[in-house]
Structure formats: structure tokens, C-alpha cells
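With compact mmCIF, C-alpha atoms inside, this is model-v4.txt:
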```txt
# COMPACT_ATOMS: atom_id res chain seq x y z
CA MET A 10 0.00 0.00 0.00
CA LYS A 11 2.80 2.42 0.90
CA ASN A 12 4.50 2.33 -2.49
CA LYS A 13 1.21 2.69 -4.34
CA ILE A 14 0.24 5.74 -2.30
CA ILE A 15 3.59 7.36 -3.07
CA GLU A 16 3.21 6.60 -6.77
CA ARG A 17 -0.32 7.99 -6.91
CA PHE A 18 0.42 11.07 -4.87
CA ILE A 19 3.49 12.07 -6.86
CA SER A 20 1.67 11.64 -10.17
CA TYR A 21 -1.12 13.92 -8.93
CA VAL A 22 1.04 16.71 -7.51
CA LYS A 23 2.97 17.06 -10.75
CA VAL A 24 -0.20 18.36 -12.42
CA ASP A 25 -0.63 22.10 -11.84
CA THR A 26 -4.17 22.46 -10.53
CA GLN A 27 -3.94 25.80 -8.73
CA SER A 28 -7.37 27.44 -8.88
CA ASN A 29 -7.97 31.04 -9.99
CA GLU A 30 -10.47 33.25 -8.19
CA ASP A 31 -10.47 35.77 -11.04
CA ASN A 32 -11.84 33.25 -13.54
CA GLU A 33 -15.57 32.59 -13.23
CA ALA A 34 -15.37 29.37 -15.26
CA CYS A 35 -15.62 25.98 -13.55
CA PRO A 36 -13.12 24.58 -13.18
CA SER A 37 -11.27 27.87 -12.95
CA THR A 38 -8.04 26.48 -14.43
CA PRO A 39 -7.42 23.89 -17.19
CA GLY A 40 -5.04 21.78 -15.08
CA GLN A 41 -7.93 20.75 -12.86
CA MET A 42 -9.71 19.15 -15.79
CA ILE A 43 -6.50 17.38 -16.80
CA LEU A 44 -6.21 15.77 -13.38
CA ALA A 45 -9.95 15.05 -13.26
CA ASN A 46 -9.68 13.06 -16.48
CA MET A 47 -6.65 11.22 -15.12
CA LEU A 48 -8.72 10.22 -12.10
CA VAL A 49 -11.60 9.02 -14.28
CA LYS A 50 -9.18 6.75 -16.14
CA GLU A 51 -7.74 5.41 -12.89
CA LEU A 52 -11.15 4.82 -11.30
CA ASN A 53 -12.15 2.74 -14.31
CA GLU A 54 -8.85 0.84 -14.23
CA ILE A 55 -9.23 -0.20 -10.58
CA GLY A 56 -12.79 -1.42 -11.23
CA MET A 57 -15.05 1.29 -9.80
CA GLU A 58 -18.56 1.55 -11.26
CA ASP A 59 -20.73 4.47 -12.42
CA VAL A 60 -17.62 6.57 -13.12
CA THR A 61 -18.68 9.99 -14.37
CA ILE A 62 -17.22 13.41 -15.06
CA ASP A 63 -19.29 16.45 -15.95
CA GLU A 64 -18.42 19.60 -17.89
CA ASN A 65 -17.39 21.34 -14.68
CA GLY A 66 -14.79 18.75 -13.67
CA TYR A 67 -16.75 16.96 -10.93
CA VAL A 68 -15.76 13.29 -10.82
CA MET A 69 -17.99 10.68 -9.16
CA ALA A 70 -17.78 6.90 -8.86
CA THR A 71 -19.32 3.98 -6.99
CA LEU A 72 -17.93 1.11 -4.98
CA PRO A 73 -20.94 -1.23 -5.13
CA ALA A 74 -22.16 -3.01 -2.01
CA ASN A 75 -21.08 -6.63 -1.62
CA THR A 76 -23.69 -7.50 1.02
CA ASP A 77 -27.48 -7.52 1.16
CA LYS A 78 -27.53 -5.76 4.53
CA GLN A 79 -29.23 -2.39 4.76
CA ILE A 80 -26.28 -0.03 5.20
CA PRO A 81 -26.26 3.75 4.65
CA THR A 82 -24.47 4.91 1.54
CA ILE A 83 -21.26 6.64 2.61
CA GLY A 84 -19.43 9.25 0.55
CA PHE A 85 -15.78 10.28 0.57
CA LEU A 86 -14.61 13.50 -1.08
CA ALA A 87 -11.37 15.31 -1.85
CA HIS A 88 -10.65 18.37 -3.95
CA ILE A 89 -8.53 18.55 -7.06
CA ASP A 90 -7.31 22.15 -6.87
CA THR A 91 -4.45 23.59 -4.85
CA ALA A 92 -4.25 26.88 -3.00
CA THR A 93 -3.80 30.30 -4.54
CA ASP A 94 -1.44 31.43 -1.76
CA PHE A 95 1.73 30.03 -3.36
CA THR A 96 2.64 28.71 -6.78
CA GLY A 97 1.75 25.13 -7.71
CA THR A 98 3.54 25.20 -11.06
CA ASP A 99 6.26 22.61 -11.73
CA VAL A 100 6.06 20.84 -8.37
CA LYS A 101 9.14 18.69 -7.77
CA PRO A 102 8.38 16.44 -4.79
CA GLN A 103 11.31 15.10 -2.82
CA ILE A 104 11.24 11.86 -0.81
CA VAL A 105 13.11 11.69 2.50
CA GLU A 106 13.46 8.13 3.77
CA ASN A 107 13.74 7.47 7.50
CA TYR A 108 13.71 11.12 8.56
CA ALA A 109 16.33 11.65 11.29
CA GLY A 110 14.80 14.71 12.97
CA ASP A 111 17.36 17.19 11.66
CA GLU A 112 17.14 20.15 9.28
CA LEU A 113 16.11 19.33 5.72
CA THR A 114 17.68 21.37 2.94
CA LEU A 115 14.88 21.64 0.43
CA ASN A 116 16.83 23.79 -1.99
CA GLN A 117 20.60 24.07 -1.75
CA GLU A 118 20.89 26.88 -4.28
CA LEU A 119 18.29 29.09 -2.60
CA GLN A 120 19.19 27.91 0.90
CA ILE A 121 15.60 27.00 1.75
CA ILE A 122 15.65 24.84 4.87
CA LEU A 123 12.82 23.03 6.63
CA SER A 124 13.94 23.25 10.23
CA PRO A 125 12.55 21.73 13.44
CA THR A 126 13.54 25.00 15.12
CA TYR A 127 10.73 26.77 13.30
CA TYR A 128 8.52 23.70 12.80
CA PRO A 129 8.85 21.68 16.02
CA ASN A 130 6.15 19.26 14.86
CA LEU A 131 8.86 17.68 12.73
CA GLU A 132 9.86 15.86 15.92
CA ASN A 133 6.72 13.73 15.46
CA TYR A 134 8.07 12.33 12.20
CA VAL A 135 11.42 10.81 13.16
CA GLY A 136 11.72 7.52 11.27
CA HIS A 137 8.97 8.41 8.79
CA THR A 138 9.19 8.67 5.04
CA LEU A 139 8.45 12.31 4.25
CA ILE A 140 7.52 13.91 0.95
CA THR A 141 8.54 17.58 0.74
CA THR A 142 8.74 20.36 -1.82
CA ASP A 143 11.95 21.57 -3.46
CA GLY A 144 11.40 24.94 -1.78
CA THR A 145 10.05 26.74 -4.83
CA THR A 146 6.39 25.60 -4.84
CA LEU A 147 3.76 24.25 -2.53
CA LEU A 148 3.43 20.46 -2.45
CA GLY A 149 -0.29 20.01 -3.05
CA ALA A 150 -0.96 17.53 -0.24
CA ASP A 151 -3.96 19.77 0.30
CA ASN A 152 -5.78 17.95 -1.13
CA LYS A 153 -4.07 15.51 -3.47
CA ALA A 154 -3.15 13.42 -0.44
CA GLY A 155 -6.87 12.97 0.17
CA ILE A 156 -7.37 11.89 -3.44
CA ALA A 157 -4.55 9.35 -3.18
CA GLU A 158 -5.89 7.99 0.10
CA ILE A 159 -9.48 7.60 -1.13
CA MET A 160 -8.31 6.03 -4.39
CA THR A 161 -6.04 3.59 -2.53
CA ALA A 162 -8.81 2.66 -0.09
CA MET A 163 -11.20 1.88 -2.96
CA ASP A 164 -8.52 -0.11 -4.76
CA TYR A 165 -7.88 -2.13 -1.59
CA LEU A 166 -11.55 -2.91 -1.00
CA LEU A 167 -12.03 -3.98 -4.62
CA LYS A 168 -9.11 -6.38 -4.25
CA HIS A 169 -10.39 -7.72 -0.91
CA PRO A 170 -14.03 -8.72 -1.45
CA GLU A 171 -13.95 -10.66 1.82
CA ILE A 172 -14.37 -7.28 3.53
CA LYS A 173 -18.11 -6.74 3.47
CA HIS A 174 -19.44 -3.24 2.98
CA GLY A 175 -22.36 -1.21 1.76
CA LYS A 176 -22.42 1.10 -1.22
CA VAL A 177 -19.70 3.75 -1.18
CA ARG A 178 -19.63 6.87 -3.34
CA VAL A 179 -16.51 8.93 -4.01
CA ALA A 180 -16.17 12.39 -5.53
CA PHE A 181 -13.28 14.61 -6.55
CA THR A 182 -14.22 18.26 -6.89
CA PRO A 183 -12.72 21.47 -8.35
CA ASP A 184 -12.15 24.95 -6.93
CA GLU A 185 -12.43 24.24 -3.19
CA GLU A 186 -9.60 26.63 -2.40
CA ILE A 187 -11.56 29.57 -3.82
CA GLY A 188 -14.73 28.58 -1.99
CA ARG A 189 -16.64 27.24 -4.99
CA GLY A 190 -16.16 23.50 -4.55
CA PRO A 191 -19.81 22.62 -3.84
CA HIS A 192 -21.35 25.32 -6.06
CA LYS A 193 -22.04 22.92 -8.92
CA PHE A 194 -21.93 19.70 -6.92
CA ASP A 195 -25.01 17.56 -7.60
CA VAL A 196 -25.96 16.23 -4.17
CA ALA A 197 -28.96 14.36 -5.59
CA ALA A 198 -26.79 12.59 -8.18
CA PHE A 199 -24.20 11.71 -5.54
CA GLN A 200 -26.86 9.71 -3.67
CA ALA A 201 -25.03 9.42 -0.36
CA ASP A 202 -26.67 9.60 3.05
CA PHE A 203 -23.66 11.49 4.40
CA ALA A 204 -20.01 11.91 3.53
CA TYR A 205 -16.52 12.65 4.81
CA THR A 206 -14.01 15.01 3.30
CA VAL A 207 -10.48 13.63 3.54
CA ASP A 208 -8.99 17.11 3.71
CA GLY A 209 -7.50 17.56 7.17
CA GLY A 210 -3.94 17.95 8.35
CA PRO A 211 -1.90 15.97 10.91
CA LEU A 212 -2.62 12.46 12.11
CA GLY A 213 -5.89 12.07 14.01
CA GLU A 214 -7.65 15.28 13.03
CA LEU A 215 -11.42 14.88 13.11
CA GLN A 216 -13.47 18.00 12.54
CA TYR A 217 -17.15 18.77 12.37
CA GLU A 218 -17.05 22.48 13.20
CA SER A 219 -15.91 25.15 10.77
CA PHE A 220 -15.83 28.91 10.62
CA ASN A 221 -18.69 31.04 9.47
CA ALA A 222 -17.06 32.92 6.60
CA ALA A 223 -17.49 36.11 4.62
CA ALA A 224 -15.40 38.17 2.22
CA ALA A 225 -15.22 41.96 2.08
CA LYS A 226 -13.81 43.88 -0.89
CA ILE A 227 -13.56 47.61 -0.25
CA THR A 228 -12.66 50.11 -2.96
CA PHE A 229 -11.46 53.59 -1.98
CA LYS A 230 -11.62 56.32 -4.61
CA GLY A 231 -9.16 59.20 -4.62
CA ASN A 232 -8.11 62.17 -6.68
CA ASN A 233 -4.59 62.38 -8.03
CA VAL A 234 -3.12 65.85 -8.57
CA HIS A 235 0.47 66.91 -9.25
CA PRO A 236 2.10 66.98 -5.80
CA GLY A 237 3.36 70.49 -6.40
CA THR A 238 -0.18 71.86 -6.59
CA ALA A 239 -2.01 69.22 -4.54
CA LYS A 240 -2.96 71.24 -1.48
CA ALA A 241 -6.70 70.98 -0.77
CA LYS A 242 -7.15 69.04 -4.02
CA MET A 243 -5.48 65.64 -3.67
CA VAL A 244 -7.47 62.81 -2.09
CA HIS A 245 -5.06 59.96 -1.35
CA SER A 246 -7.02 56.71 -1.56
CA ALA A 247 -4.14 54.56 -0.24
CA LYS A 248 -3.86 56.63 2.92
CA ILE A 249 -7.62 56.45 3.44
CA ALA A 250 -7.39 52.68 3.08
CA MET A 251 -4.57 52.57 5.62
CA ALA A 252 -6.67 54.60 8.03
CA PHE A 253 -9.59 52.22 7.48
CA ASN A 254 -7.47 49.18 8.32
CA SER A 255 -6.24 50.86 11.52
CA LYS A 256 -9.84 50.98 12.74
CA LEU A 257 -10.04 47.19 12.94
CA PRO A 258 -8.84 45.50 16.16
CA SER A 259 -5.18 44.72 15.49
CA LYS A 260 -5.05 41.59 17.64
CA GLU A 261 -8.10 40.01 15.96
CA ALA A 262 -6.03 38.71 13.06
CA PRO A 263 -4.85 35.18 12.13
CA GLU A 264 -1.36 35.71 13.55
CA PHE A 265 -2.81 36.41 17.01
CA THR A 266 -5.71 33.94 17.22
CA GLU A 267 -6.32 30.22 17.71
CA GLY A 268 -9.02 27.69 18.59
CA TYR A 269 -12.46 29.26 18.51
CA GLU A 270 -11.16 32.81 18.17
CA GLY A 271 -12.34 34.63 15.06
CA PHE A 272 -10.52 37.25 13.01
CA TYR A 273 -10.38 39.82 10.23
CA HIS A 274 -7.69 38.93 7.70
CA LEU A 275 -6.39 41.47 5.20
CA LEU A 276 -5.53 39.24 2.25
CA SER A 277 -4.36 41.89 -0.19
CA VAL A 278 -3.84 45.59 -0.78
CA THR A 279 -3.62 47.04 -4.27
CA GLY A 280 -3.68 50.65 -5.27
CA ASP A 281 -2.25 54.13 -5.57
CA VAL A 282 -3.38 57.69 -5.00
CA GLU A 283 -6.35 57.42 -7.37
CA GLU A 284 -7.80 54.07 -6.24
CA THR A 285 -7.01 51.45 -3.60
CA LYS A 286 -8.64 48.10 -2.90
CA LEU A 287 -8.56 46.12 0.34
CA TYR A 288 -9.61 42.48 0.34
CA TYR A 289 -10.55 40.92 3.69
CA ILE A 290 -11.85 37.58 4.81
CA ILE A 291 -13.93 37.52 7.99
CA ARG A 292 -14.11 34.39 10.14
CA ASP A 293 -15.81 33.30 13.38
CA HIS A 294 -17.21 30.03 14.71
CA ASP A 295 -19.94 31.80 16.65
CA LYS A 296 -22.92 33.04 14.60
CA LEU A 297 -23.50 36.18 16.67
CA GLN A 298 -19.82 37.11 16.70
CA PHE A 299 -19.71 36.51 12.95
CA GLN A 300 -22.60 38.91 12.45
CA THR A 301 -20.94 41.45 14.74
CA ARG A 302 -17.74 41.31 12.70
CA LYS A 303 -19.62 42.01 9.47
CA GLU A 304 -21.48 44.86 11.12
CA LYS A 305 -18.15 46.31 12.28
CA ILE A 306 -16.95 46.48 8.67
CA ILE A 307 -20.20 48.18 7.59
CA GLU A 308 -20.00 50.63 10.50
CA ILE A 309 -16.45 51.75 9.61
CA VAL A 310 -17.36 52.02 5.90
CA ASP A 311 -20.32 54.25 6.80
CA GLU A 312 -18.09 56.36 9.04
CA PHE A 313 -15.61 56.93 6.22
CA LYS A 314 -18.35 57.62 3.70
CA ALA A 315 -19.61 60.39 5.97
CA VAL A 316 -16.17 62.02 5.81
CA TYR A 317 -15.11 61.37 2.20
CA GLY A 318 -18.43 61.01 0.37
CA GLN A 319 -20.83 58.16 -0.34
CA GLU A 320 -19.49 57.55 -3.83
CA MET A 321 -15.84 57.44 -2.71
CA ILE A 322 -16.02 54.11 -0.88
CA ILE A 323 -17.59 50.93 -2.29
CA LEU A 324 -18.17 47.85 -0.12
CA GLU A 325 -18.83 44.35 -1.47
CA LEU A 326 -19.63 42.05 1.46
CA ASN A 327 -20.66 38.45 0.82
CA ASP A 328 -21.09 35.35 2.96
CA GLN A 329 -19.03 32.36 1.80
CA TYR A 330 -20.01 29.45 4.05
CA TYR A 331 -21.32 28.65 7.54
CA ASN A 332 -20.36 26.51 10.52
CA MET A 333 -21.24 22.94 9.54
CA ARG A 334 -21.71 21.93 13.18
CA ASP A 335 -25.38 22.95 13.05
CA LYS A 336 -26.07 20.41 10.31
CA ILE A 337 -23.85 17.60 11.59
CA GLU A 338 -24.88 17.55 15.26
CA PRO A 339 -28.29 15.96 14.51
CA VAL A 340 -26.40 12.99 12.97
CA LYS A 341 -23.33 13.16 15.16
CA TYR A 342 -23.02 9.39 15.16
CA ILE A 343 -21.16 9.78 11.86
CA VAL A 344 -18.46 11.67 13.78
CA ASP A 345 -18.54 9.00 16.49
CA VAL A 346 -17.97 6.27 13.90
CA ALA A 347 -14.91 8.08 12.53
CA TYR A 348 -13.67 8.54 16.10
CA GLN A 349 -14.04 4.81 16.80
CA ALA A 350 -12.36 3.93 13.50
CA MET A 351 -9.28 5.87 14.54
CA LYS A 352 -9.26 4.33 18.01
CA ASN A 353 -9.47 0.86 16.45
CA LEU A 354 -6.31 1.70 14.50
CA ASP A 355 -4.48 3.05 17.59
CA ILE A 356 -4.78 6.60 16.30
CA GLN A 357 -5.59 9.22 18.91
CA PRO A 358 -8.45 11.31 17.50
CA ILE A 359 -8.00 15.07 17.72
CA VAL A 360 -11.48 16.56 17.69
CA GLU A 361 -11.13 20.28 17.11
CA PRO A 362 -12.74 23.05 15.08
CA ILE A 363 -11.43 23.72 11.60
CA ARG A 364 -9.85 27.15 11.45
CA GLY A 365 -11.05 27.41 7.90
CA GLY A 366 -13.56 25.55 5.80
CA THR A 367 -13.85 22.48 3.65
CA ASP A 368 -16.31 21.52 0.96
CA GLY A 369 -18.17 19.93 3.85
CA SER A 370 -18.99 23.37 5.24
CA GLN A 371 -21.22 24.07 2.26
CA LEU A 372 -22.29 20.50 1.49
CA SER A 373 -23.67 20.09 5.00
CA TYR A 374 -26.04 22.99 4.27
CA MET A 375 -26.94 21.39 0.94
CA GLY A 376 -28.31 18.30 2.68
CA LEU A 377 -25.14 16.18 2.82
CA PRO A 378 -23.67 16.20 6.37
CA THR A 379 -19.91 16.04 5.83
CA PRO A 380 -17.32 16.05 8.64
CA ASN A 381 -13.60 16.10 7.87
CA ILE A 382 -10.78 13.65 8.59
CA PHE A 383 -7.00 13.93 8.43
CA THR A 384 -4.68 13.35 5.47
CA GLY A 385 -1.35 13.40 7.32
CA GLY A 386 0.03 16.64 5.87
CA GLU A 387 1.46 19.74 7.52
CA ASN A 388 2.29 23.35 6.59
CA PHE A 389 -0.27 23.51 3.79
CA HIS A 390 -0.26 26.30 1.18
CA GLY A 391 3.46 27.05 1.23
CA LYS A 392 6.97 25.94 0.37
CA PHE A 393 7.45 24.14 3.69
CA GLU A 394 4.50 21.82 3.13
CA PHE A 395 5.27 18.15 3.75
CA ILE A 396 3.47 14.88 4.38
CA SER A 397 4.26 11.58 6.10
CA VAL A 398 3.71 8.53 3.93
CA GLU A 399 3.10 6.41 7.02
CA ASN A 400 0.30 8.74 8.05
CA MET A 401 -1.13 8.67 4.53
CA VAL A 402 -1.38 4.90 4.96
CA LYS A 403 -3.14 5.46 8.28
CA ALA A 404 -5.59 7.85 6.64
CA THR A 405 -6.30 5.22 3.98
CA ASN A 406 -6.87 2.61 6.66
CA THR A 407 -9.18 5.02 8.51
CA VAL A 408 -11.37 5.30 5.40
CA ILE A 409 -11.49 1.51 5.17
CA GLU A 410 -12.24 1.14 8.88
CA ILE A 411 -15.11 3.64 8.73
CA ILE A 412 -16.65 1.61 5.92
CA LYS A 413 -16.19 -1.62 7.91
CA LEU A 414 -17.74 -0.12 11.04
CA PHE A 415 -20.92 0.86 9.22
CA GLU A 416 -21.27 -2.71 8.01
CA GLU A 417 -20.83 -3.93 11.59
CA ARG A 418 -23.40 -1.43 12.88
CA SER A 419 -25.97 -2.85 10.48
CA SER A 420 -25.57 -6.28 12.13
CA LYS A 421 -26.59 -5.04 15.56
```
Just dump the structure as C-alpha cells.
Amino acid sequence: MKNKIIERFISYVKVDTQSNEDNEACPSTPGQMILANMLVKELNEIGMEDVTIDENGYVMATLPANTDKQIPTIGFLAHIDTATDFTGTDVKPQIVENYAGDELTLNQELQIILSPTYYPNLENYVGHTLITTDGTTLLGADNKAGIAEIMTAMDYLLKHPEIKHGKVRVAFTPDEEIGRGPHKFDVAAFQADFAYTVDGGPLGELQYESFNAAAAKITFKGNNVHPGTAKAKMVHSAKIAMAFNSKLPSKEAPEFTEGYEGFYHLLSVTGDVEETKLYYIIRDHDKLQFQTRKEKIIEIVDEFKAVYGQEMIILELNDQYYNMRDKIEPVKYIVDVAYQAMKNLDIQPIVEPIRGGTDGSQLSYMGLPTPNIFTGGENFHGKFEFISVENMVKATNTVIEIIKLFEERSSK
């Protein structure tokens, strides 16, 4: 299983599937469709049934039941795209056998070093086989590790018919990293009673709570005049934008928060004297606090409009997804089954809120309750991303064990 997971994972990460928020098409980049078609071919080769791909790059397939017992149909999902935060072009994965716990030089020429001094979690991986980047790209374990693990689990079950199970559905989806993963997902066609995203991080992660999420794009208009004659004429949009940002609580930002603490995150600033744009994401697990954060943005915008003019500041504020806990708690036994599956495999479950979102955040509100389980990766979305092959095997076995436990539950 280990060698096959490595082979699959490396073949997937070499395809550039970085999504693009500025493109309204689905999928938003052509590489996603390339990988989607690769997955269709592989699903057919391993013997999955009902393998489909639609014009938007959504791949679905069925592992048929091999028992007559009445067992819920379980789904497993992973996303094809990689994050927009750092380049995913020309990924060159590096394999480190029997990691010794020391510094790893990812790129000798650029002196990019993955060090346990800055990433002390590396101490958890002594003796593991690690897959890293070459220091110039992200790795893409988020979420190609999940794809490899689901694919390997299905392959294993097809080759071991003595393991009885109900019907299992799998799906690989585009554009999760830009919040659009479920937008064109056909829940009715998927025909699962519930599902799991295999999209978490370190070993044991089990998550059924996510942020409530919104995005705010604020455009500040200015007036550019020659600086020699600018007195009482120039309106400096960049300085107004800077003043706006200073009105937000400085400690309520990602670099100062953890656990259930929410934040405002300034993703980007673009502009000059004439026009400046700020792009924020707003996050909170608590519904009321989430609403308060959005109202804070509106309040400051209104305050600035009163000073600079209604037409000088434009706010676009849109909700992105909501805390999936509200939809999963009524069927929380699906979380309990995943918890027991990990315990059966001597994995200590880490039940904690996602400080982000998965496709499950939106799918749960579309009628498909979808908690999230680990992949085994760390440091997602950047050049220091890495993954343990041993923990990828454990994630694969967790998928298999969940399927087995639902068959056992039907016998009681």
C-alpha cells in the first residue's frame, strides 16, 4: 500500500491544478480538468462503477455493495485544486526516507531549509518517510493526499471482497480553495446519506465544526493631482485605506488567534493615490460574533463615507459558508464512527474546530452532512508543506475502517 500511495500522490502533484479566483469558469483552471480526467481513467482501471465526469470537472464513482444488509451509503470527497497562496507550477516532490529529525535542505541553491527550530512538529516524524517540496512551490498535499488515500482505499476494497461493505460513493471536486467546490456539486446525483471530506492535516484530526465565513472587498476612490499643486485638491485613496485598516482590532487577526477565536484577515492591498482596494476575509465560529464582525466592517465604511463622500467608498460584502456543526450535530453518530475507527487503528483522535472551511462546510447545508478527517500533511499552502507517507497509509486505513464499522453497525 505504501508504495502505491507514493506513486499515486506524486503523479497527482505534478499536475498544476492551482485554482484562480479571477476566472468565473468551472473549473477555474485547465489543469484541474486534466487531473480530473486522469482520475476518471484510474477509477475505471481499478474497477469502480458508475464513473462519471461532468463539464465542470466533478468526478464521481461507486464502490458497489457486496452484502445484502441495509447499510447507509457513505461518501468520501477530496478536492482537485491547490491553494492560490503560493505557486503550484512545476512541483518537484522530494522523498526523504527514514527522517532523522534534523534540518532538511529543500533547496541548496536558494538555501531554503525546513527546520525543526521553526517547525517543532517535525519531531513527530522521526523515522517516517516524508515527501517535501523543493522549496520553490507548494506540495499540493492539500488535497491531493486525500485523493490518493481515497483512491487507494477503494482499490484495496475492490481487491479484498472478503471485507463486506455497503455502497460507497466517491467524488473529486474542483475549486475548493476559492470557496466554490460545492457550487455545482449535484448532491442528488451523488446519492449518499452522508459523507466525509479527507482534507485535514496531521494524524488524528477529526473535525465537524468550521468557521462562518465572509469576504469583504472595499474600494477607496481618490483624486490624483500633481504633488506640487495638490494642497486641498489631492485625495489619497491609499492613505484612506490605511486609516480604514487601523480601525479594525489589530489583535483580531490570524497571527494572534487560535481555537475558537475569530478574526479579520487582510488578504491583499492594491492601489495608488487614485484608487485602492482592500480584500478581507472575515471568520468566526460563533454566529452572533460573525454577524458582529460584518457589522463592524459596515460601520467603519459608513463612518468613512460620511467624511469622504458616499461615492468614494464601495463595499462588497458576501457570505461564503457557515459553521457545519449545526447540520452535523443531529447525525453526530457519523463523527462517532470516525472517532471509533481511529481508536481501532491506535490513532488518537484530535477533535477540534477547523480554522477554515472544507467543501463539507457548504455540502452540510446542501443536505449532505460532511465532517472532515486527516490526510497526514502539515504546513499547507506554502513551500514548507510536507506529508508523512506512514500517516497517509493510516488515513487510507481510517477510510477503510469507517466503511467496515458501518457494516458492523448494520448487524446489531
A straight line from atom CA of A:Glu185 to atom CA of A:Ala92 spans 8.6 Å
For a cut-off of 6 Å around (-3.7, 58.9, -6.8), file coordinates, pick out all residues using all atoms listed in the file and list them as a PyMOL selection string.
chain A and resi 231-233+245+281-283
Give me the residues within 7 Å of A:Leu377 as number ranges by chain, counting only C-alpha atoms and dropping any in the same chain fewer than 5 places off.
A: 202-204, 372
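Remark: for A:Asn46, the closest of the candidate residues A:Gly110, A:Pro362, A:Asn65, A:Ser219 is A:Asn65 (distances computed over all atoms listed in the file).
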To one decimal place in Å, what is the distance between atom CA of A:Ser124 and atom CA of A:Glu399?
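The value is 20.3 Å.
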Interatomic distance between atom CA of A:Leu257 and atom CA of A:Lys305?
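That distance, rounded to one decimal, is 8.2 Å.
Take the candidates A:Val207, A:Ala241, A:Val316, A:Ile187 and check each one against A:Asn29 using only C-alpha atoms; the shortest distance goes to A:Ile187.
Across A:Leu287, A:Ile307, A:Ile89, A:Ile80, the tightest approach to A:Val68 is made by A:Ile89 when counting all atoms listed in the file.
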Which residue gives the smallest distance to A:Ala154 among A:Glu171, A:Asp368, A:Glu54, A:Asp90, with only C-alpha atoms counted?
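For A:Ala154, the nearest of the candidates is A:Asp90.
Within 9 Å of the point (-14.5, 34.6, 13.2), counting only C-alpha atoms, the protein and nucleic acid residues come to Phe220, Asn221, Ala222, Glu261, Tyr269, Glu270, Gly271, Phe272, Tyr273, Ile291, Arg292, Asp293, His294, Asp295, Lys296, Gln298, Phe299, Arg302 and Arg364 of chain A.
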At most 6 Å is the cut-off: for each residue in stretch 350-408 of chain A with any atom that close to an atom of stretch 324-339 of chain A, write down the nearest atom pair and the distance in Å rounded to one decimal, counting all atoms listed in the file, chain first then increasing number, as JSON lines.
```
{"residue": "A:Ser370", "atom": "CA", "partner": "A:Met333", "partner_atom": "CA", "distance": 4.9}
{"residue": "A:Gln371", "atom": "CA", "partner": "A:Tyr330", "partner_atom": "CA", "distance": 5.8}
{"residue": "A:Ser373", "atom": "CA", "partner": "A:Lys336", "partner_atom": "CA", "distance": 5.8}
{"residue": "A:Pro378", "atom": "CA", "partner": "A:Ile337", "partner_atom": "CA", "distance": 5.4}
```
Between A:Asn353, A:Gln300, A:Thr161, A:Asn107, which has the minimum distance to A:Lys13 (counting all atoms listed in the file)?
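That would be A:Thr161, the residue with the smallest distance to A:Lys13.
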Please write a file for stretch 39-87 of chain A, taken from the block I just shared, that holds C-alpha atoms and is laid out as a PDB file, in the first residue's frame.
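The resulting file, selection-v7.pdb, is reproduced below:
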```pdb
ATOM      1  CA  PRO A  39      -7.418  23.888 -17.192  1.00  0.00           C
ATOM      2  CA  GLY A  40      -5.043  21.783 -15.083  1.00  0.00           C
ATOM      3  CA  GLN A  41      -7.925  20.746 -12.861  1.00  0.00           C
ATOM      4  CA  MET A  42      -9.710  19.154 -15.788  1.00  0.00           C
ATOM      5  CA  ILE A  43      -6.503  17.383 -16.802  1.00  0.00           C
ATOM      6  CA  LEU A  44      -6.208  15.769 -13.381  1.00  0.00           C
ATOM      7  CA  ALA A  45      -9.951  15.050 -13.257  1.00  0.00           C
ATOM      8  CA  ASN A  46      -9.685  13.064 -16.478  1.00  0.00           C
ATOM      9  CA  MET A  47      -6.648  11.215 -15.123  1.00  0.00           C
ATOM     10  CA  LEU A  48      -8.723  10.220 -12.099  1.00  0.00           C
ATOM     11  CA  VAL A  49     -11.595   9.018 -14.282  1.00  0.00           C
ATOM     12  CA  LYS A  50      -9.181   6.748 -16.141  1.00  0.00           C
ATOM     13  CA  GLU A  51      -7.737   5.414 -12.895  1.00  0.00           C
ATOM     14  CA  LEU A  52     -11.151   4.819 -11.300  1.00  0.00           C
ATOM     15  CA  ASN A  53     -12.145   2.743 -14.313  1.00  0.00           C
ATOM     16  CA  GLU A  54      -8.853   0.840 -14.225  1.00  0.00           C
ATOM     17  CA  ILE A  55      -9.233  -0.198 -10.578  1.00  0.00           C
ATOM     18  CA  GLY A  56     -12.788  -1.416 -11.232  1.00  0.00           C
ATOM     19  CA  MET A  57     -15.049   1.288  -9.803  1.00  0.00           C
ATOM     20  CA  GLU A  58     -18.556   1.552 -11.263  1.00  0.00           C
ATOM     21  CA  ASP A  59     -20.726   4.466 -12.424  1.00  0.00           C
ATOM     22  CA  VAL A  60     -17.623   6.570 -13.115  1.00  0.00           C
ATOM     23  CA  THR A  61     -18.677   9.992 -14.374  1.00  0.00           C
ATOM     24  CA  ILE A  62     -17.215  13.407 -15.061  1.00  0.00           C
ATOM     25  CA  ASP A  63     -19.291  16.454 -15.948  1.00  0.00           C
ATOM     26  CA  GLU A  64     -18.422  19.597 -17.888  1.00  0.00           C
ATOM     27  CA  ASN A  65     -17.393  21.343 -14.676  1.00  0.00           C
ATOM     28  CA  GLY A  66     -14.793  18.755 -13.672  1.00  0.00           C
ATOM     29  CA  TYR A  67     -16.752  16.956 -10.928  1.00  0.00           C
ATOM     30  CA  VAL A  68     -15.762  13.292 -10.819  1.00  0.00           C
ATOM     31  CA  MET A  69     -17.988  10.676  -9.156  1.00  0.00           C
ATOM     32  CA  ALA A  70     -17.780   6.898  -8.856  1.00  0.00           C
ATOM     33  CA  THR A  71     -19.325   3.978  -6.987  1.00  0.00           C
ATOM     34  CA  LEU A  72     -17.926   1.110  -4.983  1.00  0.00           C
ATOM     35  CA  PRO A  73     -20.941  -1.228  -5.125  1.00  0.00           C
ATOM     36  CA  ALA A  74     -22.157  -3.012  -2.010  1.00  0.00           C
ATOM     37  CA  ASN A  75     -21.084  -6.634  -1.624  1.00  0.00           C
ATOM     38  CA  THR A  76     -23.694  -7.500   1.015  1.00  0.00           C
ATOM     39  CA  ASP A  77     -27.477  -7.521   1.161  1.00  0.00           C
ATOM     40  CA  LYS A  78     -27.534  -5.756   4.525  1.00  0.00           C
ATOM     41  CA  GLN A  79     -29.228  -2.388   4.761  1.00  0.00           C
ATOM     42  CA  ILE A  80     -26.280  -0.026   5.202  1.00  0.00           C
ATOM     43  CA  PRO A  81     -26.258   3.747   4.652  1.00  0.00           C
ATOM     44  CA  THR A  82     -24.472   4.913   1.537  1.00  0.00           C
ATOM     45  CA  ILE A  83     -21.262   6.644   2.611  1.00  0.00           C
ATOM     46  CA  GLY A  84     -19.431   9.247   0.552  1.00  0.00           C
ATOM     47  CA  PHE A  85     -15.779  10.285   0.569  1.00  0.00           C
ATOM     48  CA  LEU A  86     -14.611  13.500  -1.077  1.00  0.00           C
ATOM     49  CA  ALA A  87     -11.369  15.307  -1.846  1.00  0.00           C
TER      50      ALA A  87
END
```
